[in-house]
Amino acid sequence: MELRQLKYFVAVAEQGGFGRAADRLGIVQSAVSTQVRRLERQLGLVLFDRGARHTVLTAQGEALLPQARTVLEAADRTRALAAELAGGSAGLLRLGPVRGPGERTNLLLHRLADATGAFRVALRHVPAAERLRLLRDGELDAAFVRGEPVAPPGISLLEAWQDPLYAAVPTGHPLAARPVLALPDLAELPLRLVERPANPPFHDLVTGLLRAAGSRQPPPGPRFTTLPETLAAIASAAEPSWTLFYEVTGLPDFPGVAVRPLAGPGLTTWLAVPEGPPGPALRRLLAALPGADTQG
């Protein structure tokens with residue numbers, strides 16, 4: 001059974017004759033007659049009483065007509081959905097996000113949103129290394145990673161955005177009076193840096209920036225735990241120290257701690273995607289990236 005056979009059958013039923021059906025379809029009458037007879041043979045049914053002046057549905061034809069219309073409507077919906085999928089206006093994007101800043105993720109999801117619900121985003125919150133593995137294995141369509149990641153074979157990294165870095169120093173330290181700090185300014189203060197196993201991309205980024213600055217490496221400070229605990233320790237410790245961080249849910253306002261922008265490069269967030277031409281869902285994501293509408 002072919003869709004065109006059902007289409008011709010419905011047209012004859014609705015037009016009341018093979019000639020009028022052929023006129024509506026824009027084909028010759030013999031083609032309509034041939035395909036309807038083939039349909040009757042395949043189904044083992046007689047669908048029409050063919051009189052000299054009138055063509056009317058048989059009882060079997062009457063029973064089949066609603067189902068034929070349902071099949072044709074389903075086929076039309078399938079074609080429409082396929083066109084939407086090909087154009088990126090429908091579908092599913094499986095995305096591995098990074099933590100904060102919250103407004104970037106919110107903006108991205110807002111730009112990707114579809115009021116009809118035809119396009120959906122499924123977020124997979126896993127560590128960066130796991131994101132890249134899932135992307136390589138085809139379980140994610142795209143993933144965001146930070147710092148200086150190493151892309152596995154078959155994966156490309158596209159720069160998505162940069163976030164500024166901030167230094168936190170005790171409010172009583174002379175550096176707190178400066179509106180912006182540079183890494184050479186901080187070379188004498190012990191640095192509280194997250195241990196590499198806890199956050200390899202950020203640890204490598206900071207150590208790379210320190211090397212690139214060409215200044216003396218700051219002495220290692222006490223262990224970094226969480227940002228709030230570390231800021232509390234900076235505020236209360238007898239010996240001054242500092243730490244470096246990027247914004248996640250807004251800049252902290254902590255008593256005894258001055259937060260200042262750090263001059264120089266920020267933290268790069270990369271979009272990891274499979275190599276090759278992007279599919280419709282990925283094209284939609286690329287267009288939705290913050291700043292994509294202003295890029296050349």
# chains A, B, ... in the order shown; residues from 1 in each chain; ligands from 1
>>> residues_around(residues="segment 143-149 of chain A", least_positions_apart="6", cutoff="9 Å", atoms="only C-alpha atoms", output="count of residues only")
28
>>> atom_distance(atom1="atom CA of Val194 of chain A", atom2="atom CA of Thr105 of chain A")
23.8 Å
>>> residues_around(residues="Leu282 of chain A", least_positions_apart="3", cutoff="10 Å", atoms="only C-alpha atoms", output="PDB file with N, CA and C atoms, in the first residue's frame")
ATOM      1  N   GLY A  88      15.777  23.268  12.346  1.00  0.00           N
ATOM      2  CA  GLY A  88      16.184  23.601  13.701  1.00  0.00           C
ATOM      3  C   GLY A  88      15.093  24.196  14.561  1.00  0.00           C
ATOM      4  N   LEU A  92      15.562  18.107  19.840  1.00  0.00           N
ATOM      5  CA  LEU A  92      16.110  17.973  21.183  1.00  0.00           C
ATOM      6  C   LEU A  92      17.605  18.250  21.141  1.00  0.00           C
ATOM      7  N   LEU A  93      18.068  19.125  22.025  1.00  0.00           N
ATOM      8  CA  LEU A  93      19.488  19.413  22.171  1.00  0.00           C
ATOM      9  C   LEU A  93      19.947  18.885  23.517  1.00  0.00           C
ATOM     10  N   ARG A  94      20.878  17.938  23.496  1.00  0.00           N
ATOM     11  CA  ARG A  94      21.429  17.369  24.723  1.00  0.00           C
ATOM     12  C   ARG A  94      22.721  18.122  25.042  1.00  0.00           C
ATOM     13  N   LEU A  95      22.694  18.896  26.130  1.00  0.00           N
ATOM     14  CA  LEU A  95      23.750  19.864  26.395  1.00  0.00           C
ATOM     15  C   LEU A  95      24.363  19.639  27.771  1.00  0.00           C
ATOM     16  N   ASP A 141      25.086  16.366  22.529  1.00  0.00           N
ATOM     17  CA  ASP A 141      25.239  17.060  21.251  1.00  0.00           C
ATOM     18  C   ASP A 141      26.272  18.168  21.347  1.00  0.00           C
ATOM     19  N   ALA A 142      26.461  18.723  22.537  1.00  0.00           N
ATOM     20  CA  ALA A 142      27.431  19.791  22.761  1.00  0.00           C
ATOM     21  C   ALA A 142      27.682  19.883  24.261  1.00  0.00           C
ATOM     22  N   VAL A 273      32.104  20.549  20.484  1.00  0.00           N
ATOM     23  CA  VAL A 273      31.138  20.001  19.532  1.00  0.00           C
ATOM     24  C   VAL A 273      31.821  18.930  18.694  1.00  0.00           C
ATOM     25  N   PRO A 274      31.057  18.016  18.123  1.00  0.00           N
ATOM     26  CA  PRO A 274      31.661  17.040  17.218  1.00  0.00           C
ATOM     27  C   PRO A 274      32.222  17.728  15.976  1.00  0.00           C
ATOM     28  N   PRO A 277      30.232  19.364   9.851  1.00  0.00           N
ATOM     29  CA  PRO A 277      29.163  20.363   9.752  1.00  0.00           C
ATOM     30  C   PRO A 277      28.151  20.188  10.888  1.00  0.00           C
ATOM     31  N   PRO A 278      27.721  21.292  11.517  1.00  0.00           N
ATOM     32  CA  PRO A 278      26.749  21.176  12.613  1.00  0.00           C
ATOM     33  C   PRO A 278      25.361  20.818  12.108  1.00  0.00           C
ATOM     34  N   GLY A 279      24.641  20.020  12.897  1.00  0.00           N
ATOM     35  CA  GLY A 279      23.260  19.698  12.583  1.00  0.00           C
ATOM     36  C   GLY A 279      22.340  20.845  12.965  1.00  0.00           C
ATOM     37  N   LEU A 285      21.901  26.311  18.613  1.00  0.00           N
ATOM     38  CA  LEU A 285      22.681  26.644  19.794  1.00  0.00           C
ATOM     39  C   LEU A 285      23.732  27.696  19.463  1.00  0.00           C
ATOM     40  N   LEU A 286      24.441  27.530  18.357  1.00  0.00           N
ATOM     41  CA  LEU A 286      25.477  28.495  17.979  1.00  0.00           C
ATOM     42  C   LEU A 286      24.879  29.881  17.788  1.00  0.00           C
ATOM     43  N   ALA A 287      23.693  29.935  17.200  1.00  0.00           N
ATOM     44  CA  ALA A 287      23.041  31.235  16.990  1.00  0.00           C
ATOM     45  C   ALA A 287      22.573  31.857  18.297  1.00  0.00           C
ATOM     46  N   ALA A 288      22.334  31.024  19.313  1.00  0.00           N
ATOM     47  CA  ALA A 288      21.808  31.516  20.591  1.00  0.00           C
ATOM     48  C   ALA A 288      22.898  31.926  21.570  1.00  0.00           C
TER      49      ALA A 288
END
>>> residues_around(residues="segment 185-187 of chain A", least_positions_apart="6", cutoff="10 Å", atoms="only C-alpha atoms", output="MDAnalysis selection string")
chainID A and resid 167 169 175 210 215:219 241:243
>>> atom_distance(atom1="atom CA of Pro179 of chain A", atom2="atom CA of Leu262 of chain A")
9.4 Å
>>> residues_around(residues="segment 39-53 of chain A", least_positions_apart="4", cutoff="8 Å", atoms="only C-alpha atoms", output="PyMOL selection string")
chain A and resi 1+5-6+35+57-62
>>> write_last_selection(atoms="N, CA, C and O atoms", output="mmCIF file, in the first residue's frame")
data_model
loop_
_atom_site.group_PDB
_atom_site.id
_atom_site.type_symbol
_atom_site.label_atom_id
_atom_site.label_comp_id
_atom_site.auth_asym_id
_atom_site.auth_seq_id
_atom_site.Cartn_x
_atom_site.Cartn_y
_atom_site.Cartn_z
ATOM 1 N N MET A 1 0.845 -1.195 0.000
ATOM 2 C CA MET A 1 0.000 0.000 0.000
ATOM 3 C C MET A 1 0.881 1.247 0.000
ATOM 4 O O MET A 1 1.848 1.330 0.745
ATOM 5 N N GLN A 5 -1.836 6.022 -3.099
ATOM 6 C CA GLN A 5 -3.064 5.267 -3.339
ATOM 7 C C GLN A 5 -4.162 5.702 -2.373
ATOM 8 O O GLN A 5 -5.320 5.891 -2.765
ATOM 9 N N LEU A 6 -3.797 5.874 -1.117
ATOM 10 C CA LEU A 6 -4.772 6.366 -0.140
ATOM 11 C C LEU A 6 -5.197 7.786 -0.476
ATOM 12 O O LEU A 6 -6.372 8.150 -0.309
ATOM 13 N N GLN A 35 -4.393 3.435 -9.747
ATOM 14 C CA GLN A 35 -3.896 3.328 -8.375
ATOM 15 C C GLN A 35 -4.995 2.884 -7.409
ATOM 16 O O GLN A 35 -4.733 2.127 -6.463
ATOM 17 N N LEU A 57 -19.124 5.316 -2.678
ATOM 18 C CA LEU A 57 -18.418 4.403 -1.806
ATOM 19 C C LEU A 57 -19.261 3.188 -1.466
ATOM 20 O O LEU A 57 -20.478 3.293 -1.271
ATOM 21 N N THR A 58 -18.616 2.036 -1.415
ATOM 22 C CA THR A 58 -19.270 0.850 -0.879
ATOM 23 C C THR A 58 -19.232 0.926 0.653
ATOM 24 O O THR A 58 -18.610 1.821 1.232
ATOM 25 N N ALA A 59 -19.879 -0.026 1.292
ATOM 26 C CA ALA A 59 -19.824 -0.069 2.755
ATOM 27 C C ALA A 59 -18.385 -0.259 3.220
ATOM 28 O O ALA A 59 -17.953 0.321 4.227
ATOM 29 N N GLN A 60 -17.619 -1.074 2.483
ATOM 30 C CA GLN A 60 -16.215 -1.261 2.831
ATOM 31 C C GLN A 60 -15.429 0.041 2.656
ATOM 32 O O GLN A 60 -14.566 0.386 3.471
ATOM 33 N N GLY A 61 -15.739 0.777 1.578
ATOM 34 C CA GLY A 61 -15.087 2.060 1.349
ATOM 35 C C GLY A 61 -15.423 3.067 2.433
ATOM 36 O O GLY A 61 -14.551 3.829 2.890
ATOM 37 N N GLU A 62 -16.702 3.101 2.853
ATOM 38 C CA GLU A 62 -17.117 4.000 3.934
ATOM 39 C C GLU A 62 -16.342 3.699 5.221
ATOM 40 O O GLU A 62 -15.943 4.598 5.955
#
>>> select_by_dssp(residues="segment 32-192 of chain A", states="alpha helix (DSSP H)", output="PyMOL selection string")
chain A and resi 32-43+59-87+102-112+128-136
>>> atom_distance(atom1="atom CA of Ser156 of chain A", atom2="atom CA of Glu275 of chain A")
5.5 Å
>>> residues_around(residues="Ala238 of chain A", least_positions_apart="3", cutoff="12 Å", atoms="only C-alpha atoms", output="PyMOL selection string")
chain A and resi 170+172-173+233-235+241
